[in-house]
Each structure stands twice: as C-alpha cells, then as structure tokens.
Amino acid sequence: LLVGEETAQGLRAASLSFTSLTLTKRQLCDLELLINGGFAPLRGFMDRTTYDAVVDDCRLTDGTLWPMPVVLDVDAKFADGLTPGQKVALRDPEGFMPAVLTVTEVWEPDKAREAEAVYGTDSIEHPGVRYLMERVKSHYVAGSLEGIQLPAHHEFENLWDTPQELRHMFRKMGWRHVIAFHTTDVIHKLHRRVIIDAAKE
C-alpha cells in the first residue's frame, strides 16, 4: 500500500492539518503488515461489515479465510472527533508518519462477543482476552491506508523481509514448499527440532 514519492511528499506537507494518532507497538505491527502486503487482500483497517464476517464466520466478505479482526482501536474521546472522509496521520512514538488513514467508519464493538469468537472464551484468565478487555480501547476506526514509509527496525535489520522480498528469495532459491513457524518467543532447540522434522516430512 506504499504510495509513490511525489504523493508521499504531498501527504507529508498536508499532514500538518491532519488529526494525529500515535500508535501502540501492536498497532504499528498491524500497520506494517497492512502496508507491506502481509495482510493482503486487506487495504486498510476492517470496517464493521468485514469485522462481523470475521467474528461470525472466520472469513472476509469475499470468502477468504481470516481468523482474527485487524482493527484500529481508539478511545471514545478520539472517536467522537472523527468523521467519514477525514484523514488521520498515523504516527509512531517518535513522531514519524508511516501512513495516512482515510476514515470510513467508527463504531463501538461488543468485545465480549469478539473474545468468545476469537479465543473461545470470555475469561479474563486467557491472555488474549485480558489484552482485549484491558488494553484495547473502546472504539474501532475503519479506513483505507496510504503508506508513506515502512516502520524502521534497528535490530536484526537483515531479517525484516516483506512478503514480496520473501517470494523473490523463494523463487531465487528454487523453493516450492515453504514452512512458516509462528512463535511469540525466540525459537529454542525443541522448536528447531519440530521445524526440521516437519520440513523433512
């Protein structure tokens, strides 16, 4: 979703008059995956119709399998100041603007329903439910994105590959089958063994 340099310069100049929103670390991760195509075919944060389809059926409105909502949460005060068509400068904690959001919809979700659908429980003992209930704010904002720049990473710089870069590497290496392993922590020896065994099988 990255725009050309000329458009990016125009958005940077115009952003002085935009409302700004400083994103959390999790929101920045979602934004990066939207911009770089990791969350394709999404073109921005989900609207209510798409959100409901994911929560109810684990699918996008076009039928694509999708297990979790990708939403931008804001507090009630910020939500009250938004209108459809408004542009919001999305910023990292240092003030850089990776993207501009054009608002299409703002609504207040039923987080208990979301918890049951996504995690299979509304118990606060579940870490995902606890995060949803205690840290995710009260309103969701939908909208399309214009990417200005991908967020900068200063650690393990050579490992932050975009989907496009990974596909290029797969073709270059002649790999037709690829296994992905998603972990919340650094991979340890048992993880590595499981990955190697799966790859061999």
# chains A, B, ... in the order shown; residues from 1 in each chain; ligands from 1
$ residues_around --residues "Arg91 of chain A" --least-positions-apart "5" --cutoff "10 Å" --atoms "only C-alpha atoms" --output "VMD selection string"
chain A and resid 20 to 24 28 96 to 100 151
$ residues_around --residues "Ala180 of chain A" --least-positions-apart "5" --cutoff "12 Å" --atoms "only C-alpha atoms" --output "list in words"
Leu166, His191, Arg192, Val194, Ile195, Ile196, Ala198 and Ala199 of chain A
$ write_last_selection --atoms "N, CA, C and O atoms" --output "compact mmCIF listing (two decimals), in the first residue's frame"
# COMPACT_ATOMS: atom_id res chain seq x y z
N LEU A 166 10.37 -11.95 0.39
CA LEU A 166 10.42 -13.38 0.67
C LEU A 166 10.08 -14.21 -0.57
O LEU A 166 10.74 -15.21 -0.87
N HIS A 191 11.77 -26.17 19.44
CA HIS A 191 11.12 -25.56 18.29
C HIS A 191 11.87 -25.91 17.01
O HIS A 191 11.27 -26.30 16.00
N ARG A 192 13.18 -25.75 17.05
CA ARG A 192 14.01 -26.00 15.86
C ARG A 192 13.86 -27.45 15.40
O ARG A 192 13.75 -27.73 14.21
N VAL A 194 11.28 -29.45 15.90
CA VAL A 194 9.94 -29.62 15.33
C VAL A 194 9.89 -29.09 13.90
O VAL A 194 9.34 -29.73 13.00
N ILE A 195 10.50 -27.92 13.67
CA ILE A 195 10.51 -27.32 12.34
C ILE A 195 11.27 -28.21 11.36
O ILE A 195 10.80 -28.48 10.25
N ILE A 196 12.44 -28.69 11.75
CA ILE A 196 13.25 -29.53 10.87
C ILE A 196 12.52 -30.83 10.54
O ILE A 196 12.48 -31.27 9.39
N ALA A 198 9.28 -31.35 10.58
CA ALA A 198 8.14 -31.04 9.71
C ALA A 198 8.61 -30.81 8.28
O ALA A 198 7.97 -31.26 7.32
N ALA A 199 9.74 -30.12 8.13
CA ALA A 199 10.27 -29.83 6.80
C ALA A 199 10.67 -31.14 6.09
O ALA A 199 10.38 -31.33 4.91
$ closest_residue --among "A:Glu32, A:Glu165, A:Glu5, A:Asp73" --to "Pro109 of chain A" --atoms "only C-alpha atoms"
A:Asp73
$ select_by_dssp --residues "chain A" --states "strand (DSSP E or B)" --output "JSON, numbers by chain"
{"A": [2, 19, 20, 21, 22, 44, 45, 59, 65, 72, 73, 74, 87, 88, 89, 90, 91, 99, 100, 101, 102, 103, 104, 105, 106, 107, 139, 140, 141, 142, 143, 144, 145, 146, 147]}
$ write_last_selection --atoms "N, CA and C atoms" --output "tab-separated table (two decimals), in the first residue's frame"
chain	number	residue	atom	x	y	z
A	2	LEU	N	2.15	1.13	-0.29
A	2	LEU	CA	3.02	2.31	-0.33
A	2	LEU	C	2.71	3.15	-1.56
A	19	THR	N	-5.54	15.42	11.85
A	19	THR	CA	-5.53	14.90	13.22
A	19	THR	C	-4.46	13.82	13.28
A	20	SER	N	-3.71	13.76	14.38
A	20	SER	CA	-2.66	12.76	14.53
A	20	SER	C	-3.03	11.72	15.58
A	21	LEU	N	-2.62	10.49	15.32
A	21	LEU	CA	-2.81	9.40	16.29
A	21	LEU	C	-1.48	8.68	16.45
A	22	THR	N	-0.99	8.63	17.68
A	22	THR	CA	0.24	7.90	17.97
A	22	THR	C	-0.13	6.45	18.25
A	44	GLY	N	-6.77	-1.80	4.32
A	44	GLY	CA	-6.82	-0.89	5.46
A	44	GLY	C	-7.41	-1.62	6.65
A	45	PHE	N	-7.67	-0.87	7.70
A	45	PHE	CA	-8.28	-1.47	8.89
A	45	PHE	C	-9.74	-1.82	8.59
A	59	ARG	N	-14.17	-15.47	8.13
A	59	ARG	CA	-13.92	-15.21	6.71
A	59	ARG	C	-14.13	-13.73	6.42
A	65	LEU	N	-10.48	-17.06	4.02
A	65	LEU	CA	-10.34	-17.48	5.42
A	65	LEU	C	-9.54	-16.44	6.19
A	72	LEU	N	-8.31	-0.90	14.19
A	72	LEU	CA	-7.58	0.19	14.83
A	72	LEU	C	-8.44	0.70	15.98
A	73	ASP	N	-7.98	0.48	17.20
A	73	ASP	CA	-8.77	0.87	18.38
A	73	ASP	C	-8.34	2.25	18.89
A	74	VAL	N	-9.34	3.05	19.26
A	74	VAL	CA	-9.12	4.39	19.81
A	74	VAL	C	-10.07	4.59	20.98
A	87	LYS	N	-8.92	12.63	7.14
A	87	LYS	CA	-7.61	11.99	7.08
A	87	LYS	C	-6.93	12.10	8.44
A	88	VAL	N	-6.34	10.98	8.86
A	88	VAL	CA	-5.65	10.91	10.15
A	88	VAL	C	-4.20	10.50	9.91
A	89	ALA	N	-3.27	11.28	10.44
A	89	ALA	CA	-1.85	10.95	10.35
A	89	ALA	C	-1.54	9.90	11.41
A	90	LEU	N	-1.14	8.71	10.98
A	90	LEU	CA	-0.77	7.65	11.91
A	90	LEU	C	0.72	7.76	12.19
A	91	ARG	N	1.08	7.91	13.46
A	91	ARG	CA	2.47	8.18	13.81
A	91	ARG	C	3.02	7.15	14.78
A	99	ALA	N	1.99	6.22	7.71
A	99	ALA	CA	0.81	6.11	6.83
A	99	ALA	C	-0.23	7.17	7.19
A	100	VAL	N	-1.14	7.37	6.23
A	100	VAL	CA	-2.31	8.23	6.44
A	100	VAL	C	-3.55	7.36	6.28
A	101	LEU	N	-4.45	7.49	7.23
A	101	LEU	CA	-5.72	6.75	7.21
A	101	LEU	C	-6.84	7.69	6.77
A	102	THR	N	-7.66	7.27	5.81
A	102	THR	CA	-8.87	7.99	5.46
A	102	THR	C	-10.04	7.27	6.10
A	103	VAL	N	-10.67	7.92	7.06
A	103	VAL	CA	-11.72	7.29	7.88
A	103	VAL	C	-12.95	6.97	7.04
A	104	THR	N	-13.47	5.76	7.21
A	104	THR	CA	-14.73	5.39	6.56
A	104	THR	C	-15.83	5.10	7.58
A	105	GLU	N	-15.43	4.69	8.79
A	105	GLU	CA	-16.44	4.27	9.77
A	105	GLU	C	-15.83	4.23	11.16
A	106	VAL	N	-16.65	4.54	12.18
A	106	VAL	CA	-16.24	4.43	13.57
A	106	VAL	C	-17.37	3.74	14.32
A	107	TRP	N	-17.03	2.75	15.13
A	107	TRP	CA	-18.09	2.07	15.90
A	107	TRP	C	-17.53	1.50	17.20
A	139	HIS	N	-13.39	1.99	20.98
A	139	HIS	CA	-13.96	2.17	19.65
A	139	HIS	C	-12.98	1.71	18.57
A	140	TYR	N	-13.53	1.27	17.43
A	140	TYR	CA	-12.73	0.86	16.29
A	140	TYR	C	-12.94	1.85	15.15
A	141	VAL	N	-11.85	2.14	14.44
A	141	VAL	CA	-11.88	3.04	13.29
A	141	VAL	C	-11.51	2.26	12.04
A	142	ALA	N	-12.38	2.31	11.04
A	142	ALA	CA	-12.10	1.67	9.75
A	142	ALA	C	-11.64	2.71	8.76
A	143	GLY	N	-10.85	2.27	7.79
A	143	GLY	CA	-10.44	3.21	6.76
A	143	GLY	C	-9.37	2.64	5.86
A	144	SER	N	-9.20	3.30	4.72
A	144	SER	CA	-8.17	2.90	3.77
A	144	SER	C	-6.85	3.57	4.13
A	145	LEU	N	-5.76	2.95	3.68
A	145	LEU	CA	-4.43	3.43	4.04
A	145	LEU	C	-3.64	3.87	2.82
A	146	GLU	N	-2.85	4.92	3.03
A	146	GLU	CA	-1.83	5.33	2.07
A	146	GLU	C	-0.50	5.25	2.82
A	147	GLY	N	0.31	4.26	2.45
A	147	GLY	CA	1.59	4.07	3.13
A	147	GLY	C	2.63	5.07	2.68
$ closest_residue --among "A:Lys200, A:Asp75, A:Thr162, A:Ala152" --to "Glu94 of chain A" --atoms "only C-alpha atoms"
A:Ala152
$ decode --residues "segment 100-111 of chain A" --atoms "all heavy atoms" --output "PDB file, in the first residue's frame"
ATOM      1  N   VAL A 100      -1.136   7.370   6.231  1.00  0.00           N
ATOM      2  CA  VAL A 100      -2.309   8.230   6.439  1.00  0.00           C
ATOM      3  C   VAL A 100      -3.552   7.356   6.282  1.00  0.00           C
ATOM      4  O   VAL A 100      -3.660   6.578   5.326  1.00  0.00           O
ATOM      5  CB  VAL A 100      -2.324   9.393   5.426  1.00  0.00           C
ATOM      6  CG1 VAL A 100      -3.638  10.162   5.520  1.00  0.00           C
ATOM      7  CG2 VAL A 100      -1.143  10.319   5.666  1.00  0.00           C
ATOM      8  N   LEU A 101      -4.451   7.487   7.230  1.00  0.00           N
ATOM      9  CA  LEU A 101      -5.719   6.750   7.208  1.00  0.00           C
ATOM     10  C   LEU A 101      -6.838   7.686   6.773  1.00  0.00           C
ATOM     11  O   LEU A 101      -6.957   8.799   7.295  1.00  0.00           O
ATOM     12  CB  LEU A 101      -6.032   6.208   8.606  1.00  0.00           C
ATOM     13  CG  LEU A 101      -7.399   5.557   8.803  1.00  0.00           C
ATOM     14  CD1 LEU A 101      -7.399   4.134   8.259  1.00  0.00           C
ATOM     15  CD2 LEU A 101      -7.788   5.549  10.278  1.00  0.00           C
ATOM     16  N   THR A 102      -7.658   7.267   5.812  1.00  0.00           N
ATOM     17  CA  THR A 102      -8.868   7.993   5.456  1.00  0.00           C
ATOM     18  C   THR A 102     -10.038   7.273   6.105  1.00  0.00           C
ATOM     19  O   THR A 102     -10.339   6.117   5.765  1.00  0.00           O
ATOM     20  CB  THR A 102      -9.065   8.058   3.931  1.00  0.00           C
ATOM     21  OG1 THR A 102      -7.919   8.697   3.345  1.00  0.00           O
ATOM     22  CG2 THR A 102     -10.315   8.855   3.585  1.00  0.00           C
ATOM     23  N   VAL A 103     -10.670   7.917   7.060  1.00  0.00           N
ATOM     24  CA  VAL A 103     -11.716   7.289   7.880  1.00  0.00           C
ATOM     25  C   VAL A 103     -12.950   6.973   7.038  1.00  0.00           C
ATOM     26  O   VAL A 103     -13.424   7.806   6.258  1.00  0.00           O
ATOM     27  CB  VAL A 103     -12.112   8.219   9.050  1.00  0.00           C
ATOM     28  CG1 VAL A 103     -13.260   7.614   9.867  1.00  0.00           C
ATOM     29  CG2 VAL A 103     -10.904   8.506   9.941  1.00  0.00           C
ATOM     30  N   THR A 104     -13.465   5.755   7.209  1.00  0.00           N
ATOM     31  CA  THR A 104     -14.728   5.387   6.562  1.00  0.00           C
ATOM     32  C   THR A 104     -15.829   5.103   7.579  1.00  0.00           C
ATOM     33  O   THR A 104     -17.005   5.270   7.279  1.00  0.00           O
ATOM     34  CB  THR A 104     -14.556   4.147   5.658  1.00  0.00           C
ATOM     35  OG1 THR A 104     -14.038   3.067   6.449  1.00  0.00           O
ATOM     36  CG2 THR A 104     -13.613   4.434   4.500  1.00  0.00           C
ATOM     37  N   GLU A 105     -15.428   4.687   8.793  1.00  0.00           N
ATOM     38  CA  GLU A 105     -16.441   4.269   9.769  1.00  0.00           C
ATOM     39  C   GLU A 105     -15.832   4.229  11.162  1.00  0.00           C
ATOM     40  O   GLU A 105     -14.651   3.931  11.330  1.00  0.00           O
ATOM     41  CB  GLU A 105     -16.944   2.870   9.377  1.00  0.00           C
ATOM     42  CG  GLU A 105     -18.168   2.387  10.111  1.00  0.00           C
ATOM     43  CD  GLU A 105     -18.639   1.035   9.600  1.00  0.00           C
ATOM     44  OE1 GLU A 105     -17.953   0.430   8.728  1.00  0.00           O
ATOM     45  OE2 GLU A 105     -19.687   0.569  10.064  1.00  0.00           O
ATOM     46  N   VAL A 106     -16.651   4.537  12.176  1.00  0.00           N
ATOM     47  CA  VAL A 106     -16.241   4.429  13.572  1.00  0.00           C
ATOM     48  C   VAL A 106     -17.372   3.741  14.319  1.00  0.00           C
ATOM     49  O   VAL A 106     -18.537   4.094  14.146  1.00  0.00           O
ATOM     50  CB  VAL A 106     -15.983   5.823  14.204  1.00  0.00           C
ATOM     51  CG1 VAL A 106     -15.516   5.678  15.648  1.00  0.00           C
ATOM     52  CG2 VAL A 106     -14.970   6.616  13.384  1.00  0.00           C
ATOM     53  N   TRP A 107     -17.035   2.749  15.128  1.00  0.00           N
ATOM     54  CA  TRP A 107     -18.088   2.074  15.901  1.00  0.00           C
ATOM     55  C   TRP A 107     -17.529   1.500  17.204  1.00  0.00           C
ATOM     56  O   TRP A 107     -16.330   1.401  17.385  1.00  0.00           O
ATOM     57  CB  TRP A 107     -18.758   0.976  15.068  1.00  0.00           C
ATOM     58  CG  TRP A 107     -18.012  -0.321  14.975  1.00  0.00           C
ATOM     59  CD1 TRP A 107     -18.207  -1.448  15.729  1.00  0.00           C
ATOM     60  CD2 TRP A 107     -16.941  -0.634  14.085  1.00  0.00           C
ATOM     61  NE1 TRP A 107     -17.329  -2.431  15.350  1.00  0.00           N
ATOM     62  CE2 TRP A 107     -16.554  -1.968  14.335  1.00  0.00           C
ATOM     63  CE3 TRP A 107     -16.274   0.080  13.083  1.00  0.00           C
ATOM     64  CZ2 TRP A 107     -15.517  -2.594  13.643  1.00  0.00           C
ATOM     65  CZ3 TRP A 107     -15.248  -0.543  12.383  1.00  0.00           C
ATOM     66  CH2 TRP A 107     -14.874  -1.852  12.662  1.00  0.00           C
ATOM     67  N   GLU A 108     -18.455   1.142  18.098  1.00  0.00           N
ATOM     68  CA  GLU A 108     -18.103   0.553  19.389  1.00  0.00           C
ATOM     69  C   GLU A 108     -18.415  -0.941  19.334  1.00  0.00           C
ATOM     70  O   GLU A 108     -19.568  -1.329  19.192  1.00  0.00           O
ATOM     71  CB  GLU A 108     -18.885   1.223  20.510  1.00  0.00           C
ATOM     72  CG  GLU A 108     -18.455   0.797  21.893  1.00  0.00           C
ATOM     73  CD  GLU A 108     -19.120   1.604  22.989  1.00  0.00           C
ATOM     74  OE1 GLU A 108     -19.932   2.503  22.668  1.00  0.00           O
ATOM     75  OE2 GLU A 108     -18.837   1.325  24.174  1.00  0.00           O
ATOM     76  N   PRO A 109     -17.388  -1.792  19.408  1.00  0.00           N
ATOM     77  CA  PRO A 109     -17.618  -3.229  19.278  1.00  0.00           C
ATOM     78  C   PRO A 109     -18.107  -3.860  20.582  1.00  0.00           C
ATOM     79  O   PRO A 109     -17.970  -3.277  21.658  1.00  0.00           O
ATOM     80  CB  PRO A 109     -16.221  -3.763  18.933  1.00  0.00           C
ATOM     81  CG  PRO A 109     -15.306  -2.832  19.678  1.00  0.00           C
ATOM     82  CD  PRO A 109     -15.960  -1.475  19.606  1.00  0.00           C
ATOM     83  N   ASP A 110     -18.660  -5.059  20.453  1.00  0.00           N
ATOM     84  CA  ASP A 110     -19.000  -5.898  21.600  1.00  0.00           C
ATOM     85  C   ASP A 110     -17.782  -6.784  21.847  1.00  0.00           C
ATOM     86  O   ASP A 110     -17.603  -7.810  21.204  1.00  0.00           O
ATOM     87  CB  ASP A 110     -20.242  -6.728  21.276  1.00  0.00           C
ATOM     88  CG  ASP A 110     -20.645  -7.638  22.433  1.00  0.00           C
ATOM     89  OD1 ASP A 110     -19.846  -7.810  23.384  1.00  0.00           O
ATOM     90  OD2 ASP A 110     -21.745  -8.209  22.369  1.00  0.00           O
ATOM     91  N   LYS A 111     -16.924  -6.364  22.776  1.00  0.00           N
ATOM     92  CA  LYS A 111     -15.659  -7.066  22.964  1.00  0.00           C
ATOM     93  C   LYS A 111     -15.845  -8.453  23.575  1.00  0.00           C
ATOM     94  O   LYS A 111     -15.047  -9.355  23.310  1.00  0.00           O
ATOM     95  CB  LYS A 111     -14.694  -6.208  23.792  1.00  0.00           C
ATOM     96  CG  LYS A 111     -14.229  -4.964  23.032  1.00  0.00           C
ATOM     97  CD  LYS A 111     -12.938  -4.399  23.566  1.00  0.00           C
ATOM     98  CE  LYS A 111     -13.127  -3.626  24.842  1.00  0.00           C
ATOM     99  NZ  LYS A 111     -11.895  -2.919  25.266  1.00  0.00           N
TER     100      LYS A 111
END
